[in-house]
$ cat final-v7.pdb   # PDB, C-alpha atoms
ATOM      1  CA  MET A   1     -20.777  18.236  -9.785
ATOM      2  CA  LYS A   2     -17.036  18.331  -9.155
ATOM      3  CA  THR A   3     -15.665  15.848  -6.633
ATOM      4  CA  LYS A   4     -12.853  17.124  -4.415
ATOM      5  CA  ARG A   5      -9.681  15.176  -5.022
ATOM      6  CA  PRO A   6      -8.082  13.757  -1.840
ATOM      7  CA  SER A   7      -4.689  15.090  -0.790
ATOM      8  CA  ASN A   8      -1.666  12.924  -1.493
ATOM      9  CA  TYR A   9      -1.629  12.045   2.204
ATOM     10  CA  GLU A  10      -5.297  11.007   2.235
ATOM     11  CA  TYR A  11      -4.740   8.973  -0.894
ATOM     12  CA  PHE A  12      -1.796   7.162   0.702
ATOM     13  CA  ILE A  13      -3.736   6.465   3.897
ATOM     14  CA  LYS A  14      -6.725   5.009   2.078
ATOM     15  CA  THR A  15      -5.073   3.135  -0.764
ATOM     16  CA  ASP A  16      -3.743  -0.400  -0.705
ATOM     17  CA  THR A  17      -0.170   0.151  -1.854
ATOM     18  CA  SER A  18       1.003  -3.410  -1.256
ATOM     19  CA  ALA A  19       1.567  -3.905  -4.988
ATOM     20  CA  TYR A  20       4.653  -1.690  -4.542
ATOM     21  CA  LYS A  21       6.079  -3.691  -1.634
ATOM     22  CA  GLY A  22       9.573  -2.493  -0.698
ATOM     23  CA  GLU A  23       9.462   0.430  -3.125
ATOM     24  CA  TRP A  24       9.128   4.173  -3.005
ATOM     25  CA  ILE A  25       5.978   5.515  -4.572
ATOM     26  CA  ALA A  26       5.339   9.047  -5.790
ATOM     27  CA  ILE A  27       1.769  10.248  -5.474
ATOM     28  CA  SER A  28       0.225  13.132  -7.347
ATOM     29  CA  LYS A  29      -3.380  14.182  -7.874
ATOM     30  CA  GLY A  30      -4.906  11.007  -6.550
ATOM     31  CA  LYS A  31      -2.715   8.410  -8.173
ATOM     32  CA  VAL A  32       0.696   6.764  -8.083
ATOM     33  CA  VAL A  33       2.723   8.400 -10.843
ATOM     34  CA  ALA A  34       6.092   6.682 -10.314
ATOM     35  CA  HIS A  35       7.608   3.913  -8.236
ATOM     36  CA  GLY A  36      10.947   2.205  -7.693
ATOM     37  CA  LYS A  37      13.739   1.441  -5.262
ATOM     38  CA  ASP A  38      15.413   4.882  -5.284
ATOM     39  CA  ALA A  39      13.542   7.891  -3.859
ATOM     40  CA  GLU A  40      15.578  10.373  -5.871
ATOM     41  CA  LYS A  41      14.849   8.692  -9.220
ATOM     42  CA  VAL A  42      11.200   8.134  -8.342
ATOM     43  CA  TYR A  43      10.735  11.769  -7.307
ATOM     44  CA  LYS A  44      12.433  13.190 -10.397
ATOM     45  CA  THR A  45      10.413  10.927 -12.691
ATOM     46  CA  ALA A  46       7.224  11.995 -10.936
ATOM     47  CA  VAL A  47       8.047  15.688 -11.136
ATOM     48  CA  LYS A  48       8.586  15.393 -14.899
ATOM     49  CA  LYS A  49       5.157  13.779 -15.234
ATOM     50  CA  ALA A  50       3.148  15.784 -12.746
ATOM     51  CA  GLY A  51       4.990  18.963 -11.721
ATOM     52  CA  LYS A  52       7.115  19.808  -8.714
ATOM     53  CA  ASP A  53       4.530  21.096  -6.265
ATOM     54  CA  THR A  54       2.117  18.206  -6.579
ATOM     55  CA  VAL A  55       4.269  15.178  -5.728
ATOM     56  CA  SER A  56       4.713  13.375  -2.428
ATOM     57  CA  LEU A  57       6.798  10.327  -1.542
ATOM     58  CA  ALA A  58       6.075   7.293   0.587
ATOM     59  CA  LYS A  59       7.842   4.020   1.152
ATOM     60  CA  THR A  60       5.746   0.886   1.108
ATOM     61  CA  PRO A  61       7.048  -1.668   3.602
ATOM     62  CA  ASP A  62       8.237  -5.075   2.606
ATOM     63  CA  GLU A  63       7.679  -7.880   5.061
ATOM     64  CA  GLN A  64      11.124  -7.538   6.639
ATOM     65  CA  MET A  65      11.389  -3.762   6.787
ATOM     66  CA  LEU A  66       9.724  -2.757  10.020
ATOM     67  CA  VAL A  67      11.654  -3.210  13.204
ATOM     68  CA  LEU A  68       8.763  -4.476  15.294
ATOM     69  CA  LYS A  69       6.200  -6.496  13.456
ATOM     70  CA  LEU A  70       3.190  -8.288  14.826
ATOM     71  CA  LEU A  71       3.725 -12.029  14.386
ATOM     72  CA  GLN A  72       0.686 -14.278  14.430
TER      73      GLN A  72
ATOM     74  CA  MET B   1      -4.231  20.784  16.297
ATOM     75  CA  ILE B   2      -2.762  18.565  13.613
ATOM     76  CA  VAL B   3      -4.479  15.249  13.014
ATOM     77  CA  PHE B   4      -2.780  12.306  11.362
ATOM     78  CA  LYS B   5      -4.234   8.909  10.619
ATOM     79  CA  TYR B   6      -3.425   5.219  10.633
ATOM     80  CA  LYS B   7      -2.872   3.294   7.423
ATOM     81  CA  GLN B   8      -4.049  -0.313   7.228
ATOM     82  CA  GLU B   9      -1.239  -2.450   5.839
ATOM     83  CA  PRO B  10      -1.026  -6.170   5.064
ATOM     84  CA  LEU B  11       1.246  -8.336   7.193
ATOM     85  CA  GLY B  12       1.842 -10.901   4.473
ATOM     86  CA  ASN B  13      -0.033 -13.671   6.261
ATOM     87  CA  GLY B  14      -3.489 -12.662   5.136
ATOM     88  CA  GLN B  15      -3.900 -10.301   8.069
ATOM     89  CA  SER B  16      -3.287  -6.580   8.318
ATOM     90  CA  ILE B  17      -2.368  -3.976  10.882
ATOM     91  CA  ALA B  18      -2.931  -0.240  11.229
ATOM     92  CA  ARG B  19       0.202   1.906  11.456
ATOM     93  CA  PRO B  20       0.399   5.627  12.278
ATOM     94  CA  VAL B  21       1.536   7.781   9.359
ATOM     95  CA  ALA B  22       2.426  11.487   9.240
ATOM     96  CA  ASP B  23       2.465  14.087   6.494
ATOM     97  CA  VAL B  24       5.817  15.872   6.660
ATOM     98  CA  TYR B  25       7.788  18.234   4.428
ATOM     99  CA  LEU B  26      11.590  18.275   4.296
ATOM    100  CA  LYS B  27      13.458  21.274   2.928
ATOM    101  CA  THR B  28      16.142  20.432   0.402
ATOM    102  CA  LYS B  29      19.501  22.172   0.093
ATOM    103  CA  ASN B  30      17.946  23.938  -2.957
ATOM    104  CA  ASN B  31      15.138  25.285  -0.754
ATOM    105  CA  ASP B  32      12.481  23.079  -2.300
ATOM    106  CA  TRP B  33      10.024  21.228  -0.085
ATOM    107  CA  ILE B  34       9.673  17.458  -0.420
ATOM    108  CA  GLU B  35       6.456  16.016   1.005
ATOM    109  CA  PHE B  36       6.690  12.499   2.392
ATOM    110  CA  HIS B  37       4.731  10.185   4.645
ATOM    111  CA  PRO B  38       6.840   8.594   7.411
ATOM    112  CA  TYR B  39       5.585   6.306  10.154
ATOM    113  CA  ILE B  40       5.202   8.011  13.511
ATOM    114  CA  ASP B  41       7.417   6.052  15.892
ATOM    115  CA  SER B  42       7.314   7.074  19.542
ATOM    116  CA  GLY B  43       9.952   4.407  20.199
ATOM    117  CA  ALA B  44      12.463   5.955  17.808
ATOM    118  CA  ASP B  45      14.871   8.323  19.525
ATOM    119  CA  ILE B  46      15.317  10.337  16.348
ATOM    120  CA  THR B  47      13.744  10.769  12.924
ATOM    121  CA  MET B  48      15.298   8.457  10.357
ATOM    122  CA  ILE B  49      15.291   8.595   6.566
ATOM    123  CA  PRO B  50      16.610   5.993   4.104
ATOM    124  CA  LEU B  51      19.675   6.543   1.938
ATOM    125  CA  SER B  52      17.997   7.706  -1.254
ATOM    126  CA  LEU B  53      15.702  10.216   0.462
ATOM    127  CA  GLY B  54      18.731  11.766   2.159
ATOM    128  CA  ARG B  55      20.423  12.135  -1.207
ATOM    129  CA  LEU B  56      17.287  13.722  -2.621
ATOM    130  CA  ILE B  57      17.242  16.443   0.024
ATOM    131  CA  GLY B  58      20.942  17.108  -0.480
ATOM    132  CA  PHE B  59      22.706  15.295   2.322
ATOM    133  CA  HIS B  60      26.333  14.498   1.517
ATOM    134  CA  MET B  61      28.388  11.491   2.514
ATOM    135  CA  ASP B  62      31.195  12.178   4.962
ATOM    136  CA  GLU B  63      32.770   8.900   6.052
ATOM    137  CA  SER B  64      34.282  10.503   9.134
ATOM    138  CA  LYS B  65      30.751  11.151  10.442
ATOM    139  CA  VAL B  66      29.384   7.633  10.063
ATOM    140  CA  VAL B  67      28.201   6.022  13.296
ATOM    141  CA  GLN B  68      26.372   2.796  13.994
ATOM    142  CA  ILE B  69      23.015   2.927  15.722
ATOM    143  CA  GLY B  70      21.324  -0.107  17.167
ATOM    144  CA  GLY B  71      17.929  -1.578  16.505
ATOM    145  CA  ILE B  72      16.080  -4.831  16.946
ATOM    146  CA  ARG B  73      17.517  -6.215  13.721
ATOM    147  CA  GLY B  74      21.087  -5.175  14.404
ATOM    148  CA  SER B  75      23.010  -1.997  13.720
ATOM    149  CA  VAL B  76      22.524   0.520  10.941
ATOM    150  CA  PRO B  77      25.214   2.954   9.708
ATOM    151  CA  VAL B  78      23.945   6.525   9.847
ATOM    152  CA  ILE B  79      25.093  10.113   9.637
ATOM    153  CA  TYR B  80      23.438  12.628  11.937
ATOM    154  CA  ASP B  81      22.388  15.802  10.166
ATOM    155  CA  LYS B  82      19.768  18.515  10.440
ATOM    156  CA  SER B  83      16.981  19.597   8.165
ATOM    157  CA  THR B  84      14.223  22.138   8.194
ATOM    158  CA  ILE B  85      10.953  20.306   8.430
ATOM    159  CA  LYS B  86       7.330  21.374   8.197
ATOM    160  CA  ILE B  87       4.504  19.632  10.002
ATOM    161  CA  GLY B  88       1.173  21.362   9.554
ATOM    162  CA  PRO B  89       1.887  25.088   9.901
ATOM    163  CA  GLU B  90       4.983  24.541  12.058
ATOM    164  CA  ILE B  91       8.425  24.953  10.480
ATOM    165  CA  PHE B  92      11.485  24.077  12.545
ATOM    166  CA  GLN B  93      14.940  22.509  12.559
ATOM    167  CA  ALA B  94      15.067  18.827  13.410
ATOM    168  CA  ARG B  95      17.945  16.439  13.855
ATOM    169  CA  ILE B  96      17.750  13.500  11.477
ATOM    170  CA  SER B  97      19.587  10.207  11.265
ATOM    171  CA  TRP B  98      20.352   9.538   7.629
ATOM    172  CA  SER B  99      20.556   5.796   7.119
ATOM    173  CA  LEU B 100      23.321   4.746   4.761
ATOM    174  CA  ILE B 101      21.309   1.706   3.785
ATOM    175  CA  GLU B 102      18.041   1.813   1.903
ATOM    176  CA  ASP B 103      16.217  -0.986   3.675
ATOM    177  CA  VAL B 104      14.857   0.988   6.606
ATOM    178  CA  PRO B 105      11.474   2.648   6.974
ATOM    179  CA  PRO B 106      11.226   6.436   7.111
ATOM    180  CA  LEU B 107      10.397   7.202  10.747
ATOM    181  CA  LEU B 108       9.263  10.351  12.495
ATOM    182  CA  GLY B 109      11.021  10.014  15.854
ATOM    183  CA  ARG B 110      10.972  11.923  19.115
ATOM    184  CA  THR B 111      14.022  14.223  19.058
ATOM    185  CA  ASP B 112      12.985  17.817  18.242
ATOM    186  CA  VAL B 113       9.549  16.656  17.017
ATOM    187  CA  PHE B 114       8.073  15.407  20.279
ATOM    188  CA  ASP B 115       9.784  18.351  22.010
ATOM    189  CA  ARG B 116       7.710  20.652  19.841
ATOM    190  CA  PHE B 117       4.369  18.864  19.965
ATOM    191  CA  ASP B 118       2.342  17.004  22.516
ATOM    192  CA  VAL B 119       1.616  13.786  20.661
ATOM    193  CA  THR B 120      -1.443  11.684  21.500
ATOM    194  CA  PHE B 121      -2.026   8.299  19.920
ATOM    195  CA  LYS B 122      -5.742   7.525  19.763
ATOM    196  CA  GLN B 123      -5.383   4.058  18.340
ATOM    197  CA  ARG B 124      -9.027   3.028  18.727
ATOM    198  CA  GLU B 125      -9.999   6.070  16.661
ATOM    199  CA  ARG B 126      -7.113   5.515  14.224
ATOM    200  CA  LYS B 127      -5.881   9.060  14.844
ATOM    201  CA  ILE B 128      -2.749  10.770  16.126
ATOM    202  CA  LEU B 129      -3.122  14.286  17.509
ATOM    203  CA  LEU B 130      -0.248  16.779  17.546
ATOM    204  CA  SER B 131      -0.692  19.892  19.649
ATOM    205  CA  SER B 132       1.923  22.620  19.507
ATOM    206  CA  HIS B 133       3.603  23.029  22.855
ATOM    207  CA  PRO B 134       2.418  26.306  24.430
ATOM    208  CA  MET B 135       5.993  27.318  25.346
ATOM    209  CA  LEU B 136       7.130  27.333  21.698
TER     210      LEU B 136
END

$ encode --input "final-v7.pdb" --output "C-alpha coordinates"
Amino acid sequence: MKTKRPSNYEYFIKTDTSAYKGEWIAISKGKVVAHGKDAEKVYKTAVKKAGKDTVSLAKTPDEQMLVLKLLQ
Amino acid sequence: MIVFKYKQEPLGNGQSIARPVADVYLKTKNNDWIEFHPYIDSGADITMIPLSLGRLIGFHMDESKVVQIGGIRGSVPVIYDKSTIKIGPEIFQARISWSLIEDVPPLLGRTDVFDRFDVTFKQRERKILLSSHPML
(Lines of atoms letter the chains of each structure in order from A and count residues from 1; the text may use other names and numbers.)
(Lines give C-alpha, C1' and ligand atoms only; values in the text may rest on other atoms or scores of the structure.)
Protein backbone atom coordinates (compact mmCIF):
# COMPACT_ATOMS: atom_id res chain seq x y z
CA MET A 1 0.00 0.00 0.00
CA LYS A 2 1.31 3.44 -0.92
CA THR A 3 1.69 5.94 1.91
CA LYS A 4 0.82 9.54 1.06
CA ARG A 5 3.85 11.77 1.40
CA PRO A 6 3.29 14.85 3.60
CA SER A 7 3.44 18.27 1.97
CA ASN A 8 6.59 20.31 2.48
CA TYR A 9 4.64 22.42 4.97
CA GLU A 10 3.46 19.39 6.97
CA TYR A 11 6.98 18.03 6.96
CA PHE A 12 8.35 21.31 8.31
CA ILE A 13 5.69 21.51 11.01
CA LYS A 14 6.31 17.98 12.25
CA THR A 15 10.07 17.68 11.91
CA ASP A 16 12.68 18.73 14.43
CA THR A 17 14.84 21.04 12.33
CA SER A 18 17.03 22.25 15.18
CA ALA A 19 20.07 20.59 13.61
CA TYR A 20 19.98 23.44 11.06
CA LYS A 21 19.86 26.22 13.67
CA GLY A 22 20.21 29.65 12.06
CA GLU A 23 20.11 28.26 8.53
CA TRP A 24 17.74 28.14 5.62
CA ILE A 25 16.52 24.69 4.73
CA ALA A 26 15.01 23.56 1.44
CA ILE A 27 12.41 20.82 1.70
CA SER A 28 11.29 18.56 -1.09
CA LYS A 29 9.32 15.32 -1.10
CA GLY A 30 9.52 14.73 2.61
CA LYS A 31 13.13 15.56 3.29
CA VAL A 32 15.64 18.38 3.63
CA VAL A 33 17.52 18.53 0.34
CA ALA A 34 19.75 21.56 0.97
CA HIS A 35 20.66 23.92 3.78
CA GLY A 36 22.86 26.94 4.41
CA LYS A 37 23.00 30.60 5.35
CA ASP A 38 21.85 32.04 2.01
CA ALA A 39 18.29 31.38 0.80
CA GLU A 40 19.19 31.98 -2.83
CA LYS A 41 22.04 29.44 -2.84
CA VAL A 42 20.03 26.92 -0.84
CA TYR A 43 17.04 27.21 -3.18
CA LYS A 44 19.11 26.89 -6.36
CA THR A 45 20.97 23.87 -4.99
CA ALA A 46 17.67 22.27 -4.04
CA VAL A 47 16.09 22.92 -7.42
CA LYS A 48 19.03 21.23 -9.15
CA LYS A 49 18.54 18.17 -6.94
CA ALA A 50 14.77 17.98 -6.77
CA GLY A 51 13.15 20.15 -9.45
CA LYS A 52 11.67 23.62 -9.35
CA ASP A 53 8.07 22.91 -8.43
CA THR A 54 8.78 20.68 -5.47
CA VAL A 55 10.96 22.86 -3.23
CA SER A 56 9.99 25.05 -0.30
CA LEU A 57 12.14 27.20 1.99
CA ALA A 58 12.10 27.73 5.73
CA LYS A 59 14.43 29.43 8.14
CA THR A 60 15.25 27.60 11.34
CA PRO A 61 15.66 30.03 14.23
CA ASP A 62 18.84 30.36 16.18
CA GLU A 63 18.53 31.23 19.84
CA GLN A 64 18.93 34.97 19.26
CA MET A 65 16.80 35.36 16.15
CA LEU A 66 13.27 35.84 17.40
CA VAL A 67 12.32 39.22 18.71
CA LEU A 68 10.26 37.99 21.64
CA LYS A 69 11.43 34.79 23.20
CA LEU A 70 10.10 33.05 26.26
CA LEU A 71 12.78 33.15 28.95
CA GLN A 72 12.59 30.62 31.75
CA MET B 1 -11.02 28.46 5.39
CA ILE B 2 -7.26 28.10 5.47
CA VAL B 3 -5.78 26.27 8.43
CA PHE B 4 -2.18 26.66 9.52
CA LYS B 5 -0.44 24.96 12.40
CA TYR B 6 2.04 25.55 15.19
CA LYS B 7 5.55 24.14 15.05
CA GLN B 8 7.18 22.97 18.28
CA GLU B 9 10.67 24.45 18.50
CA PRO B 10 13.41 24.10 21.11
CA LEU B 11 14.31 27.12 23.22
CA GLY B 12 17.87 26.01 23.83
CA ASN B 13 17.37 25.41 27.54
CA GLY B 14 15.90 21.95 27.23
CA GLN B 15 12.39 23.33 26.83
CA SER B 16 10.39 24.07 23.71
CA ILE B 17 7.63 26.34 22.53
CA ALA B 18 4.99 26.16 19.80
CA ARG B 19 5.11 28.92 17.19
CA PRO B 20 2.53 29.64 14.47
CA VAL B 21 3.79 28.97 10.95
CA ALA B 22 2.18 29.73 7.57
CA ASP B 23 2.55 28.27 4.11
CA VAL B 24 3.02 31.17 1.69
CA TYR B 25 4.10 31.58 -1.93
CA LEU B 26 5.98 34.64 -3.19
CA LYS B 27 6.07 35.48 -6.89
CA THR B 28 9.52 36.24 -8.24
CA LYS B 29 10.33 38.87 -10.85
CA ASN B 30 10.62 35.91 -13.29
CA ASN B 31 7.04 34.87 -12.47
CA ASP B 32 8.07 31.75 -10.59
CA TRP B 33 6.47 30.94 -7.25
CA ILE B 34 8.68 30.37 -4.21
CA GLU B 35 7.02 28.49 -1.35
CA PHE B 36 8.21 29.39 2.13
CA HIS B 37 7.09 28.99 5.72
CA PRO B 38 7.16 32.26 7.71
CA TYR B 39 6.03 32.72 11.30
CA ILE B 40 2.63 34.35 11.63
CA ASP B 41 3.21 37.48 13.71
CA SER B 42 0.14 39.48 14.66
CA GLY B 43 2.48 41.97 16.35
CA ALA B 44 4.39 42.72 13.16
CA ASP B 45 3.04 45.73 11.30
CA ILE B 46 4.22 44.35 7.98
CA THR B 47 5.52 41.12 6.46
CA MET B 48 9.29 40.89 6.64
CA ILE B 49 11.75 38.74 4.71
CA PRO B 50 15.51 38.37 5.25
CA LEU B 51 18.10 39.68 2.81
CA SER B 52 18.77 36.52 0.84
CA LEU B 53 15.10 35.66 0.31
CA GLY B 54 14.52 39.16 -1.08
CA ARG B 55 17.37 38.65 -3.52
CA LEU B 56 15.91 35.31 -4.54
CA ILE B 57 12.57 36.83 -5.49
CA GLY B 58 14.29 39.61 -7.41
CA PHE B 59 14.29 42.61 -5.12
CA HIS B 60 17.01 45.12 -5.97
CA MET B 61 19.04 47.31 -3.65
CA ASP B 62 18.35 51.02 -3.90
CA GLU B 63 20.24 52.86 -1.16
CA SER B 64 17.98 55.89 -1.46
CA LYS B 65 15.06 53.74 -0.28
CA VAL B 66 16.67 52.31 2.85
CA VAL B 67 14.86 53.13 6.09
CA GLN B 68 15.37 51.94 9.64
CA ILE B 69 12.54 50.16 11.39
CA GLY B 70 12.50 49.51 15.10
CA GLY B 71 12.17 46.30 17.03
CA ILE B 72 12.85 44.95 20.48
CA ARG B 73 16.48 44.27 19.62
CA GLY B 74 17.13 47.63 18.00
CA SER B 75 16.69 48.90 14.47
CA VAL B 76 16.88 46.99 11.22
CA PRO B 77 17.59 48.56 7.80
CA VAL B 78 14.86 47.68 5.33
CA ILE B 79 13.49 48.59 1.93
CA TYR B 80 9.73 48.59 1.48
CA ASP B 81 8.61 46.80 -1.66
CA LYS B 82 5.63 44.86 -2.94
CA SER B 83 5.20 41.30 -4.07
CA THR B 84 2.42 39.11 -5.30
CA ILE B 85 1.75 36.51 -2.67
CA LYS B 86 -0.43 33.41 -2.55
CA ILE B 87 -1.99 32.07 0.62
CA GLY B 88 -4.26 29.11 0.01
CA PRO B 89 -6.28 29.98 -3.10
CA GLU B 90 -5.94 33.74 -2.57
CA ILE B 91 -3.48 35.69 -4.72
CA PHE B 92 -2.90 39.36 -3.95
CA GLN B 93 -0.37 42.18 -3.72
CA ALA B 94 1.22 42.68 -0.33
CA ARG B 95 3.66 45.25 0.96
CA ILE B 96 6.83 43.67 2.29
CA SER B 97 9.73 44.98 4.33
CA TRP B 98 12.91 43.54 2.89
CA SER B 99 15.48 43.33 5.65
CA LEU B 100 18.98 44.24 4.53
CA ILE B 101 20.41 41.96 7.17
CA GLU B 102 20.05 38.21 7.18
CA ASP B 103 19.59 37.64 10.89
CA VAL B 104 15.86 38.23 11.10
CA PRO B 105 13.05 35.69 10.96
CA PRO B 106 10.68 35.65 7.99
CA LEU B 107 7.42 37.05 9.37
CA LEU B 108 3.91 37.18 7.97
CA GLY B 109 2.69 40.52 9.33
CA ARG B 110 -0.60 42.37 9.35
CA THR B 111 -0.42 44.91 6.49
CA ASP B 112 -2.42 43.68 3.47
CA VAL B 113 -2.58 40.12 4.89
CA PHE B 114 -4.75 40.73 7.94
CA ASP B 115 -6.77 43.19 5.83
CA ARG B 116 -7.62 40.30 3.54
CA PHE B 117 -8.28 37.58 6.09
CA ASP B 118 -9.89 37.31 9.47
CA VAL B 119 -7.16 35.58 11.44
CA THR B 120 -7.97 33.49 14.51
CA PHE B 121 -5.26 32.03 16.70
CA LYS B 122 -6.48 28.86 18.41
CA GLN B 123 -3.38 28.27 20.45
CA ARG B 124 -4.79 25.46 22.61
CA GLU B 125 -5.61 23.56 19.41
CA ARG B 126 -2.29 24.55 17.81
CA LYS B 127 -4.14 26.00 14.82
CA ILE B 128 -4.48 29.35 13.07
CA LEU B 129 -7.59 29.91 10.97
CA LEU B 130 -7.67 32.35 8.05
CA SER B 131 -11.06 33.25 6.65
CA SER B 132 -11.28 35.39 3.54
CA HIS B 133 -12.95 38.68 4.30
CA PRO B 134 -16.44 38.68 2.73
CA MET B 135 -15.93 42.17 1.25
CA LEU B 136 -12.96 41.04 -0.87

$ closest_atom_pairs --input "final-v7.pdb" --of "chain B" --to "chain A" --cutoff "9 Å" --atoms "all atoms listed in the file" --output "CSV"
residue,atom,partner,partner_atom,distance
B:Lys5,CA,A:Ile13,CA,7.2
B:Tyr6,CA,A:Ile13,CA,6.9
B:Lys7,CA,A:Ile13,CA,4.8
B:Gln8,CA,A:Ile13,CA,7.6
B:Glu9,CA,A:Asp16,CA,7.3
B:Pro10,CA,A:Ser18,CA,7.2
B:Leu11,CA,A:Glu63,CA,6.8
B:Gly12,CA,A:Glu63,CA,6.6
B:Asn13,CA,A:Gln72,CA,8.2
B:Gln15,CA,A:Gln72,CA,8.8
B:Ile17,CA,A:Leu70,CA,8.1
B:Val21,CA,A:Ile13,CA,7.7
B:Ala22,CA,A:Tyr9,CA,8.1
B:Asp23,CA,A:Tyr9,CA,6.3
B:Tyr25,CA,A:Ser56,CA,8.9
B:Asp32,CA,A:Lys52,CA,9.0
B:Trp33,CA,A:Asp53,CA,8.3
B:Ile34,CA,A:Ser56,CA,6.7
B:Glu35,CA,A:Ser56,CA,4.7
B:Phe36,CA,A:Leu57,CA,4.5
B:His37,CA,A:Ala58,CA,5.2
B:Pro38,CA,A:Ala58,CA,7.0
B:Pro50,CA,A:Ala39,CA,8.7
B:Leu51,CA,A:Ala39,CA,8.5
B:Ser52,CA,A:Ala39,CA,5.2
B:Leu53,CA,A:Ala39,CA,5.4
B:Gly54,CA,A:Glu40,CA,8.7
B:Arg55,CA,A:Glu40,CA,7.0
B:Leu56,CA,A:Glu40,CA,5.0
B:Ile57,CA,A:Glu40,CA,8.6
B:Gly71,CA,A:Val67,CA,7.3
B:Ile72,CA,A:Val67,CA,6.0
B:Arg73,CA,A:Val67,CA,6.6
B:Glu102,CA,A:Asp38,CA,8.2
B:Asp103,CA,A:Met65,CA,6.4
B:Val104,CA,A:Met65,CA,5.9
B:Pro105,CA,A:Met65,CA,6.4
B:Pro106,CA,A:Lys59,CA,7.3

$ resolve_selection --input "final-v7.pdb" --expression "the PyMOL selection byres ((chain B and resi 47) around 8)" --output "ChimeraX atom specification"
/B:44-46,48-49,95-97,106-111

$ resolve_selection --input "final-v7.pdb" --expression "the PyMOL selection byres ((chain B and resi 89) around 12)" --output "number ranges by chain"
B: 1-2, 23-25, 85-88, 90-92, 130-132

$ atom_distance --input "final-v7.pdb" --atom1 "CA of Thr28 (chain B)" --atom2 "CA of Gly43 (chain B)"
26.2 Å

$ closest_residue --input "final-v7.pdb" --among "B:Lys27, B:Lys127, B:Lys82, B:His133" --to "Phe4 (chain B)" --atoms "only C-alpha atoms"
B:Lys127

$ residues_near_point --input "final-v7.pdb" --point "(-2.4, 7.0, 21.0)" --cutoff "12 Å" --atoms "only C-alpha atoms" --output "MDAnalysis selection string"
chainID B and resid 3:6 19:20 40:42 118:130

$ atom_distance --input "final-v7.pdb" --atom1 "CA of Gly36 (chain A)" --atom2 "CA of Lys21 (chain A)"
9.8 Å

$ closest_residue --input "final-v7.pdb" --among "B:Thr84, B:Tyr39, B:Gly70, B:Ala94" --to "Arg116 (chain B)" --atoms "all atoms listed in the file"
B:Ala94

$ atom_distance --input "final-v7.pdb" --atom1 "CA of Trp98 (chain B)" --atom2 "CA of His35 (chain A)"
21.1 Å

$ closest_residue --input "final-v7.pdb" --among "B:Ser16, B:Ser83, B:Ser99, B:Ser64" --to "Asn31 (chain B)" --atoms "all atoms listed in the file"
B:Ser83
